[in-house]
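Participant: What follows is structure_16.pdb, PDB, C-alpha atoms and all ligand atoms.
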```
ATOM      1  CA  MET A   1      -3.590  21.749  15.133
ATOM      2  CA  LEU A   2      -6.500  20.914  12.848
ATOM      3  CA  LEU A   3      -6.646  17.270  13.772
ATOM      4  CA  THR A   4      -9.498  16.216  15.920
ATOM      5  CA  VAL A   5      -8.487  13.548  18.349
ATOM      6  CA  ARG A   6     -10.965  11.479  20.217
ATOM      7  CA  TYR A   7     -10.556  10.879  23.891
ATOM      8  CA  LEU A   8     -10.875   7.157  24.234
ATOM      9  CA  LYS A   9     -12.874   5.765  27.101
ATOM     10  CA  CYS A  10     -11.530   2.312  27.387
ATOM     11  CA  TYR A  11     -12.100  -0.858  29.289
ATOM     12  CA  LYS A  12     -10.616  -0.295  32.741
ATOM     13  CA  HIS A  13      -8.195  -3.223  32.761
ATOM     14  CA  TYR A  14      -7.054  -2.762  29.172
ATOM     15  CA  LEU A  15      -6.808   0.963  29.471
ATOM     16  CA  ALA A  16      -4.050   0.536  32.014
ATOM     17  CA  GLN A  17      -2.200  -2.027  29.945
ATOM     18  CA  HIS A  18      -2.776  -1.363  26.309
ATOM     19  CA  ILE A  19      -4.708   1.661  25.189
ATOM     20  CA  LYS A  20      -3.434   5.210  25.498
ATOM     21  CA  SER A  21      -5.922   8.058  25.581
ATOM     22  CA  PHE A  22      -5.129  11.310  23.829
ATOM     23  CA  ALA A  23      -6.186  14.839  24.614
ATOM     24  CA  ASN A  24      -4.124  16.407  21.845
ATOM     25  CA  ALA A  25      -1.991  15.443  18.887
ATOM     26  CA  ASN A  26       1.400  16.526  20.212
ATOM     27  CA  PHE A  27       2.737  12.997  20.315
ATOM     28  CA  SER A  28       6.298  11.845  20.667
ATOM     29  CA  THR A  29       7.595   9.615  17.889
ATOM     30  CA  GLN A  30       9.093   7.281  20.509
ATOM     31  CA  ALA A  31       5.669   5.777  21.005
ATOM     32  CA  THR A  32       5.359   4.733  17.371
ATOM     33  CA  MET A  33       6.548   1.151  17.843
ATOM     34  CA  MET A  34       6.807  -1.009  20.928
ATOM     35  CA  ASN A  35       6.595  -4.800  21.021
ATOM     36  CA  LYS A  36       3.454  -5.583  19.064
ATOM     37  CA  GLY A  37       2.062  -2.101  19.465
ATOM     38  CA  PHE A  38       1.860   0.878  17.188
ATOM     39  CA  ARG A  39      -0.011   4.121  16.744
ATOM     40  CA  ALA A  40      -2.545   4.132  13.940
ATOM     41  CA  ALA A  41      -4.350   7.045  12.322
ATOM     42  CA  LEU A  42      -7.560   6.642  10.312
ATOM     43  CA  LEU A  43      -8.205   9.552   7.941
ATOM     44  CA  GLN A  44     -11.892  10.269   7.363
ATOM     45  CA  LEU A  45     -11.601  12.869   4.603
ATOM     46  CA  ASN A  46     -13.935  15.024   2.521
ATOM     47  CA  VAL A  47     -14.069  13.725  -1.034
ATOM     48  CA  GLY A  48     -15.299  15.722  -4.025
ATOM     49  CA  LYS A  49     -15.244  15.481  -7.796
ATOM     50  CA  ASP A  50     -11.805  17.084  -8.217
ATOM     51  CA  ARG A  51      -9.241  14.298  -8.035
ATOM     52  CA  THR A  52      -6.291  16.651  -7.585
ATOM     53  CA  SER A  53      -7.910  18.345  -4.567
ATOM     54  CA  ASN A  54      -8.756  14.944  -3.085
ATOM     55  CA  LEU A  55      -5.132  13.855  -3.442
ATOM     56  CA  GLU A  56      -3.749  17.119  -2.044
ATOM     57  CA  ASN A  57      -6.063  16.879   0.942
ATOM     58  CA  ALA A  58      -4.905  13.313   1.565
ATOM     59  CA  VAL A  59      -1.221  14.334   1.379
ATOM     60  CA  ASP A  60      -1.843  17.122   3.868
ATOM     61  CA  HIS A  61      -3.623  14.842   6.356
ATOM     62  CA  ILE A  62      -1.091  12.026   5.973
ATOM     63  CA  LYS A  63       1.676  14.479   6.945
ATOM     64  CA  LYS A  64      -0.303  15.586   9.998
ATOM     65  CA  ALA A  65      -0.941  11.969  10.982
ATOM     66  CA  LYS A  66       2.800  11.336  10.858
ATOM     67  CA  GLU A  67       3.394  14.451  12.980
ATOM     68  CA  GLY A  68       0.906  12.931  15.413
ATOM     69  CA  GLY A  69       3.142   9.862  15.738
ATOM     70  CA  ALA A  70       1.284   7.386  13.510
ATOM     71  CA  LYS A  71       3.234   4.441  12.141
ATOM     72  CA  LEU A  72       0.286   3.152  10.117
ATOM     73  CA  VAL A  73      -2.055   5.567   8.331
ATOM     74  CA  ALA A  74      -5.203   4.440   6.514
ATOM     75  CA  LEU A  75      -7.480   6.150   3.998
ATOM     76  CA  SER A  76     -11.098   5.420   3.058
ATOM     77  CA  GLU A  77     -12.834   3.629   0.210
ATOM     78  CA  CYS A  78     -12.749   5.859  -2.930
ATOM     79  CA  PHE A  79     -10.676   8.562  -1.237
ATOM     80  CA  ASN A  80      -9.712   9.999  -4.650
ATOM     81  CA  SER A  81     -13.095   9.961  -6.405
ATOM     82  CA  PRO A  82     -16.817  10.090  -5.728
ATOM     83  CA  TYR A  83     -18.277   6.652  -4.912
ATOM     84  CA  GLY A  84     -20.795   5.664  -7.570
ATOM     85  CA  VAL A  85     -21.232   3.304 -10.505
ATOM     86  CA  LYS A  86     -21.224   6.196 -13.004
ATOM     87  CA  PHE A  87     -17.850   7.475 -11.705
ATOM     88  CA  PHE A  88     -15.733   4.312 -11.706
ATOM     89  CA  ASN A  89     -14.769   4.385 -15.387
ATOM     90  CA  GLU A  90     -13.993   8.124 -15.443
ATOM     91  CA  TYR A  91     -11.715   7.966 -12.391
ATOM     92  CA  ALA A  92     -10.119   4.558 -13.019
ATOM     93  CA  GLU A  93      -6.308   4.393 -13.017
ATOM     94  CA  ASN A  94      -3.655   1.822 -13.686
ATOM     95  CA  ILE A  95      -1.946   0.446 -10.601
ATOM     96  CA  PRO A  96       0.797   1.356  -9.811
ATOM     97  CA  ASP A  97       1.324   3.896 -12.617
ATOM     98  CA  GLY A  98      -1.602   6.279 -12.065
ATOM     99  CA  PRO A  99      -1.478   9.618 -10.211
ATOM    100  CA  SER A 100      -3.100   8.292  -7.037
ATOM    101  CA  CYS A 101      -0.545   5.510  -6.610
ATOM    102  CA  LYS A 102       2.298   7.911  -7.326
ATOM    103  CA  MET A 103       0.991  10.144  -4.568
ATOM    104  CA  LEU A 104       0.548   7.209  -2.148
ATOM    105  CA  SER A 105       4.059   5.916  -2.775
ATOM    106  CA  LYS A 106       5.597   9.359  -2.265
ATOM    107  CA  ALA A 107       3.539  10.107   0.840
ATOM    108  CA  ALA A 108       4.525   6.770   2.427
ATOM    109  CA  LYS A 109       8.198   7.431   1.692
ATOM    110  CA  ASP A 110       8.244  11.132   2.603
ATOM    111  CA  ASN A 111       6.641  10.369   5.957
ATOM    112  CA  SER A 112       8.301   6.989   6.503
ATOM    113  CA  ILE A 113       5.030   5.249   7.349
ATOM    114  CA  TYR A 114       2.966   2.248   6.346
ATOM    115  CA  LEU A 115       0.124   3.634   4.257
ATOM    116  CA  VAL A 116      -3.099   1.750   3.535
ATOM    117  CA  GLY A 117      -4.194   3.647   0.449
ATOM    118  CA  GLY A 118      -7.952   3.351   0.924
ATOM    119  CA  THR A 119      -9.377   2.317  -2.439
ATOM    120  CA  ILE A 120      -9.281   3.677  -5.951
ATOM    121  CA  PRO A 121     -11.101   2.546  -9.086
ATOM    122  CA  GLU A 122      -8.527   0.412 -10.913
ATOM    123  CA  ARG A 123      -8.372  -0.277 -14.649
ATOM    124  CA  GLU A 124      -6.703  -3.427 -15.928
ATOM    125  CA  ASP A 125      -7.248  -4.141 -19.631
ATOM    126  CA  SER A 126     -11.005  -3.855 -20.177
ATOM    127  CA  LYS A 127     -11.928  -4.498 -16.527
ATOM    128  CA  LEU A 128     -12.442  -2.194 -13.568
ATOM    129  CA  PHE A 129     -11.938  -3.093  -9.915
ATOM    130  CA  ASN A 130     -12.339  -1.383  -6.545
ATOM    131  CA  THR A 131      -8.795  -1.776  -5.228
ATOM    132  CA  CYS A 132      -6.833  -1.153  -2.058
ATOM    133  CA  THR A 133      -3.046  -0.762  -2.181
ATOM    134  CA  VAL A 134      -0.607  -0.768   0.755
ATOM    135  CA  TRP A 135       2.765   1.036   0.786
ATOM    136  CA  ASN A 136       5.784   0.580   3.024
ATOM    137  CA  PRO A 137       8.019   3.350   4.461
ATOM    138  CA  ASP A 138      10.300   3.046   1.395
ATOM    139  CA  GLY A 139       7.354   3.884  -0.864
ATOM    140  CA  GLU A 140       7.060   0.341  -2.240
ATOM    141  CA  MET A 141       3.698  -1.277  -2.872
ATOM    142  CA  ILE A 142       3.540  -4.333  -0.605
ATOM    143  CA  ALA A 143      -0.098  -5.408  -1.111
ATOM    144  CA  LYS A 144      -2.964  -4.990  -3.551
ATOM    145  CA  TYR A 145      -6.472  -6.235  -2.746
ATOM    146  CA  ARG A 146      -9.504  -6.076  -5.042
ATOM    147  CA  LYS A 147     -12.967  -5.898  -3.458
ATOM    148  CA  MET A 148     -14.162  -9.479  -3.461
ATOM    149  CA  HIS A 149     -17.871  -9.014  -2.712
ATOM    150  CA  LEU A 150     -19.434  -6.380  -4.936
ATOM    151  CA  PHE A 151     -22.055  -4.123  -3.372
ATOM    152  CA  ASP A 152     -25.242  -5.155  -5.174
ATOM    153  CA  ILE A 153     -28.268  -4.445  -3.012
ATOM    154  CA  ASP A 154     -31.842  -3.252  -3.484
ATOM    155  CA  ILE A 155     -33.716  -1.936  -0.441
ATOM    156  CA  PRO A 156     -37.040  -0.367  -1.504
ATOM    157  CA  GLY A 157     -37.363   3.065   0.064
ATOM    158  CA  GLY A 158     -33.709   2.836   1.105
ATOM    159  CA  ILE A 159     -30.837   2.311  -1.286
ATOM    160  CA  THR A 160     -30.313   0.526  -4.587
ATOM    161  CA  PHE A 161     -26.715   0.071  -5.721
ATOM    162  CA  LYS A 162     -25.178  -2.287  -8.269
ATOM    163  CA  GLU A 163     -21.394  -2.177  -8.298
ATOM    164  CA  SER A 164     -21.328  -5.166 -10.644
ATOM    165  CA  ASP A 165     -22.756  -2.949 -13.432
ATOM    166  CA  ALA A 166     -19.280  -1.401 -13.649
ATOM    167  CA  LEU A 167     -16.822  -3.470 -11.615
ATOM    168  CA  SER A 168     -15.391  -6.966 -11.602
ATOM    169  CA  ALA A 169     -14.775  -8.772  -8.323
ATOM    170  CA  GLY A 170     -11.356  -9.674  -6.959
ATOM    171  CA  ASN A 171     -10.646 -13.320  -6.242
ATOM    172  CA  GLU A 172      -7.861 -13.303  -3.673
ATOM    173  CA  LEU A 173      -7.387 -12.863   0.048
ATOM    174  CA  VAL A 174      -4.453 -10.522   0.667
ATOM    175  CA  THR A 175      -2.334 -10.092   3.782
ATOM    176  CA  PHE A 176       0.746  -8.045   4.603
ATOM    177  CA  CYS A 177       3.031  -7.792   7.627
ATOM    178  CA  ILE A 178       4.360  -5.006   9.787
ATOM    179  CA  ASP A 179       7.200  -6.621  11.727
ATOM    180  CA  ASP A 180       5.556  -9.798  13.049
ATOM    181  CA  ILE A 181       1.994  -8.468  12.867
ATOM    182  CA  LYS A 182      -0.103 -10.057  10.117
ATOM    183  CA  ILE A 183      -2.848  -7.886   8.664
ATOM    184  CA  GLY A 184      -5.710  -8.898   6.330
ATOM    185  CA  LEU A 185      -7.482  -6.639   3.841
ATOM    186  CA  GLY A 186     -11.137  -6.286   2.873
ATOM    187  CA  ILE A 187     -13.248  -3.506   1.411
ATOM    188  CA  CYS A 188     -16.583  -2.283   2.759
ATOM    189  CA  TYR A 189     -19.241  -4.852   1.702
ATOM    190  CA  ASP A 190     -16.622  -7.550   2.462
ATOM    191  CA  LEU A 191     -17.233  -6.675   6.137
ATOM    192  CA  ARG A 192     -20.527  -8.556   5.933
ATOM    193  CA  PHE A 193     -18.896 -11.869   5.018
ATOM    194  CA  GLU A 194     -17.801 -13.675   8.161
ATOM    195  CA  GLU A 195     -16.107 -16.533   6.270
ATOM    196  CA  LEU A 196     -13.631 -14.088   4.717
ATOM    197  CA  ALA A 197     -12.680 -12.715   8.135
ATOM    198  CA  LYS A 198     -12.460 -16.257   9.519
ATOM    199  CA  LEU A 199     -10.079 -17.307   6.758
ATOM    200  CA  TYR A 200      -7.851 -14.361   7.622
ATOM    201  CA  ARG A 201      -7.987 -15.367  11.277
ATOM    202  CA  LEU A 202      -7.043 -18.920  10.366
ATOM    203  CA  GLN A 203      -4.049 -17.527   8.452
ATOM    204  CA  GLY A 204      -2.828 -15.830  11.645
ATOM    205  CA  CYS A 205      -4.114 -12.272  11.197
ATOM    206  CA  GLU A 206      -4.442 -10.077  14.264
ATOM    207  CA  LEU A 207      -5.814  -7.014  12.492
ATOM    208  CA  LEU A 208      -8.258  -6.623   9.607
ATOM    209  CA  ILE A 209      -8.428  -3.307   7.743
ATOM    210  CA  TYR A 210     -11.495  -2.373   5.695
ATOM    211  CA  PRO A 211     -11.644   0.929   3.816
ATOM    212  CA  GLY A 212     -15.425   1.347   3.483
ATOM    213  CA  ALA A 213     -18.339   3.643   2.822
ATOM    214  CA  PHE A 214     -21.596   2.463   4.334
ATOM    215  CA  ASN A 215     -24.576   4.717   3.618
ATOM    216  CA  MET A 216     -27.431   6.439   5.406
ATOM    217  CA  THR A 217     -29.697   3.350   5.198
ATOM    218  CA  THR A 218     -27.330   0.593   6.299
ATOM    219  CA  GLY A 219     -24.805   2.695   8.217
ATOM    220  CA  PRO A 220     -26.876   3.459  11.330
ATOM    221  CA  LEU A 221     -27.933  -0.184  11.679
ATOM    222  CA  HIS A 222     -24.970  -2.226  10.551
ATOM    223  CA  TRP A 223     -21.651  -0.320  10.364
ATOM    224  CA  GLU A 224     -20.677  -0.610  14.027
ATOM    225  CA  LEU A 225     -22.356  -3.976  14.500
ATOM    226  CA  VAL A 226     -20.593  -5.835  11.655
ATOM    227  CA  GLN A 227     -17.203  -4.545  12.780
ATOM    228  CA  ARG A 228     -17.790  -5.570  16.355
ATOM    229  CA  SER A 229     -18.998  -8.972  15.131
ATOM    230  CA  ARG A 230     -15.904  -9.584  12.970
ATOM    231  CA  ALA A 231     -13.613  -8.481  15.840
ATOM    232  CA  LEU A 232     -15.384 -10.563  18.485
ATOM    233  CA  ASP A 233     -15.806 -13.711  16.373
ATOM    234  CA  ASN A 234     -12.181 -13.705  15.302
ATOM    235  CA  GLN A 235     -10.561 -12.169  18.383
ATOM    236  CA  LEU A 236      -8.657  -9.517  16.462
ATOM    237  CA  PHE A 237      -8.622  -5.756  15.853
ATOM    238  CA  VAL A 238     -10.761  -4.271  13.092
ATOM    239  CA  PHE A 239     -10.201  -0.869  11.445
ATOM    240  CA  ALA A 240     -12.811   0.574   9.086
ATOM    241  CA  ILE A 241     -12.221   3.890   7.351
ATOM    242  CA  SER A 242     -15.044   5.860   5.738
ATOM    243  CA  PRO A 243     -15.014   9.080   3.743
ATOM    244  CA  ALA A 244     -16.551  12.050   5.580
ATOM    245  CA  ARG A 245     -20.268  12.542   4.948
ATOM    246  CA  GLY A 246     -20.975  14.655   1.868
ATOM    247  CA  GLU A 247     -24.227  16.235   0.783
ATOM    248  CA  GLN A 248     -24.734  14.884  -2.715
ATOM    249  CA  GLY A 249     -24.702  11.577  -4.544
ATOM    250  CA  TYR A 250     -23.841   8.585  -2.376
ATOM    251  CA  ILE A 251     -23.932   9.886   1.196
ATOM    252  CA  ALA A 252     -21.421   8.045   3.358
ATOM    253  CA  TRP A 253     -22.286   7.255   6.967
ATOM    254  CA  GLY A 254     -18.819   8.236   8.259
ATOM    255  CA  HIS A 255     -17.986   7.009  11.788
ATOM    256  CA  SER A 256     -14.592   5.463  10.982
ATOM    257  CA  GLN A 257     -13.902   3.008  13.743
ATOM    258  CA  ILE A 258     -11.359   0.926  15.639
ATOM    259  CA  THR A 259     -12.629  -2.175  17.450
ATOM    260  CA  ASN A 260     -10.552  -4.360  19.758
ATOM    261  CA  PRO A 261     -10.525  -8.183  20.083
ATOM    262  CA  TRP A 262     -13.160  -7.959  22.843
ATOM    263  CA  GLY A 263     -15.562  -6.495  20.296
ATOM    264  CA  LYS A 264     -15.314  -3.129  22.030
ATOM    265  CA  VAL A 265     -15.234   0.097  20.013
ATOM    266  CA  ILE A 266     -12.137   1.958  21.223
ATOM    267  CA  ALA A 267     -12.208   4.883  18.803
ATOM    268  CA  GLN A 268     -14.897   6.234  16.528
ATOM    269  CA  ALA A 269     -15.156   9.370  14.377
ATOM    270  CA  GLY A 270     -18.262  11.471  13.901
ATOM    271  CA  HIS A 271     -19.508  12.082  10.382
ATOM    272  CA  ALA A 272     -17.383  15.108   9.363
ATOM    273  CA  GLU A 273     -13.757  15.262   8.249
ATOM    274  CA  GLU A 274     -11.666  13.932  11.116
ATOM    275  CA  THR A 275      -8.544  11.937  11.961
ATOM    276  CA  ILE A 276      -8.744   9.373  14.727
ATOM    277  CA  PHE A 277      -5.575   8.184  16.439
ATOM    278  CA  CYS A 278      -5.217   5.101  18.573
ATOM    279  CA  ASP A 279      -2.313   3.202  20.126
ATOM    280  CA  ILE A 280      -3.060  -0.472  19.785
ATOM    281  CA  ASP A 281      -1.201  -3.447  21.182
ATOM    282  CA  LEU A 282      -1.692  -6.605  19.187
ATOM    283  CA  ALA A 283      -0.558  -8.684  22.178
ATOM    284  CA  GLN A 284      -4.124  -8.220  23.352
ATOM    285  CA  CYS A 285      -5.272 -10.699  20.676
ATOM    286  CA  ASN A 286      -3.319 -13.540  22.264
ATOM    287  CA  GLU A 287      -4.589 -12.674  25.722
ATOM    288  CA  VAL A 288      -8.212 -12.821  24.582
ATOM    289  CA  ARG A 289      -7.523 -15.992  22.600
ATOM    290  CA  GLN A 290      -6.069 -17.665  25.680
ATOM    291  CA  GLN A 291      -8.792 -16.486  28.034
ATOM    292  CA  ILE A 292     -11.666 -17.491  25.729
ATOM    293  CA  PRO A 293     -10.163 -20.291  23.610
ATOM    294  CA  ILE A 294     -12.888 -20.678  20.988
ATOM    295  CA  TYR A 295     -10.524 -21.632  18.165
ATOM    296  CA  PRO A 296      -9.240 -24.915  19.604
ATOM    297  CA  GLN A 297     -12.792 -25.544  20.816
ATOM    298  CA  ARG A 298     -14.311 -25.390  17.314
ATOM    299  CA  ARG A 299     -16.004 -28.632  16.184
ATOM    300  CA  THR A 300     -14.169 -28.995  12.893
ATOM    301  CA  ASP A 301     -15.317 -32.614  12.891
ATOM    302  CA  ILE A 302     -18.840 -31.223  12.326
ATOM    303  CA  TYR A 303     -18.242 -27.912  10.481
ATOM    304  CA  ASN A 304     -15.259 -26.078   9.003
ATOM    305  CA  THR A 305     -14.274 -23.001   7.033
ATOM    306  CA  VAL A 306     -11.707 -23.702   4.334
ATOM    307  CA  LEU A 307     -10.423 -21.994   1.198
ATOM    308  CA  ALA A 308     -12.164 -23.337  -1.897
ATOM    309  CA  LYS A 309      -9.908 -25.270  -4.281
ATOM    310  CA  LYS A 310      -9.384 -23.432  -7.588
TER
HETATM  311  N1  LIG B   1     -20.776   0.269   0.053
HETATM  312  C1  LIG B   1     -20.566  -1.005   0.354
HETATM  313  O1  LIG B   1     -19.748  -1.666  -0.246
HETATM  314  C2  LIG B   1     -21.292  -1.669   1.461
HETATM  315  C3  LIG B   1     -22.399  -1.004   2.168
HETATM  316  O2  LIG B   1     -22.639   0.192   2.077
HETATM  317  C4  LIG B   1     -23.215  -1.880   3.003
HETATM  318  O3  LIG B   1     -22.894  -3.080   3.118
HETATM  319  O4  LIG B   1     -24.201  -1.419   3.574
END
```
When written as structure tokens, how does the structure in this file appear?
Facilitator:
Amino acid sequence: MLLTVRYLKCYKHYLAQHIKSFANANFSTQATMMNKGFRAALLQLNVGKDRTSNLENAVDHIKKAKEGGAKLVALSECFNSPYGVKFFNEYAENIPDGPSCKMLSKAAKDNSIYLVGGTIPEREDSKLFNTCTVWNPDGEMIAKYRKMHLFDIDIPGGITFKESDALSAGNELVTFCIDDIKIGLGICYDLRFEELAKLYRLQGCELLIYPGAFNMTTGPLHWELVQRSRALDNQLFVFAISPARGEQGYIAWGHSQITNPWGKVIAQAGHAEETIFCDIDLAQCNEVRQQIPIYPQRRTDIYNTVLAKK
């Protein structure tokens, strides 16, 4: 079995109740859904310039994730193309008619899973977006989210990147449900914006999923920290899925991660190609919310986070 599975060292109390640890990937499918729990697999894949190879590699790993018992499988930001301003136009596709969406739909259906399709560069009329699609076990697209905060930064001696030279920003929060679990979507740089996560929390989300690709400047400092912050502040699970670290162009930090509502990292990849599995139980959100009731304790008479009126 090619899959690398991390042995999860978990919080003593929660280990017993909620988190299963895995030594291998020979899982039974019976464990795929129980109450508010499910097995998730985050696919941290190598990505190169050949779109067809990227898609074939994803199909292969999605199948293995299903064999490992995953009910929800998630891919990284730009899993089908290199990540870079000069590549977005060349690789852009219509959604849902392009080859990447066709593959995602088929893979979700063939494996009967929920599939968070990482992101692809999307073309709509004359505009390009960085877009995440989500597919249900019948192969239907059930959500489409466009990166809302474009990655425009300039760190002398570090990294300069200007997504807005090529992309337009999305303007909508997007959620989807698996049974009674509500899940919010963001993409990479969106992780840094606490108000977005808070709005999802206020809408009832218990899990936020961010395909992402931090880099060798910001990754070591911020990748783990922002995810733990979003999870802790909003008392929910956070998944972030990176491409594996390449050697040329934009070098991704890797370290795809699952964080629980305590702000504790319960699974994390290294930097190479790897699948991480984790059984999560969303009931843990309510427990934390009851034990540390910060939401009813907020002083909304003094401050508040609300959706802007359009
Ligand atoms: N690539 C991004 O969108 C974000 C990132 O790398 C960072 O915030 O750092």
Participant: Suppose you want the space between CA of Val134 in chain A and CA of Val288 in chain A; what is it in Å?
Facilitator: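 Computing it gives 27.8 Å between the two atoms.
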Participant: Contacts of Glu122 in chain A at 10 Å or less, counting all atoms listed in the file, minus same-chain residues fewer than 5 places along, as number ranges by chain?
Facilitator: A: 88-89, 91-96, 98, 127-132, 146, 167
Participant: Give the answer as one residue: which of A:Ala213, A:Ala107, A:Leu307, A:Ile181 has the shortest atom-to-atom distance to ligand LIG 1 (chain B), using only C-alpha atoms and all ligand atoms?
Facilitator: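 That would be A:Ala213, the residue with the smallest distance to ligand LIG 1 (chain B).
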Participant: Closest to Gln290 in chain A among A:Pro261, A:Glu67, A:Arg123, A:Asp190, using all atoms listed in the file?
Facilitator: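 Between A:Pro261, A:Glu67, A:Arg123, A:Asp190, the residue approaching Gln290 in chain A most closely is A:Pro261.
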Participant: Suppose you want the space between CA of Pro220 in chain A and CA of Asn260 in chain A; what is it in Å?
Facilitator: 20.0 Å
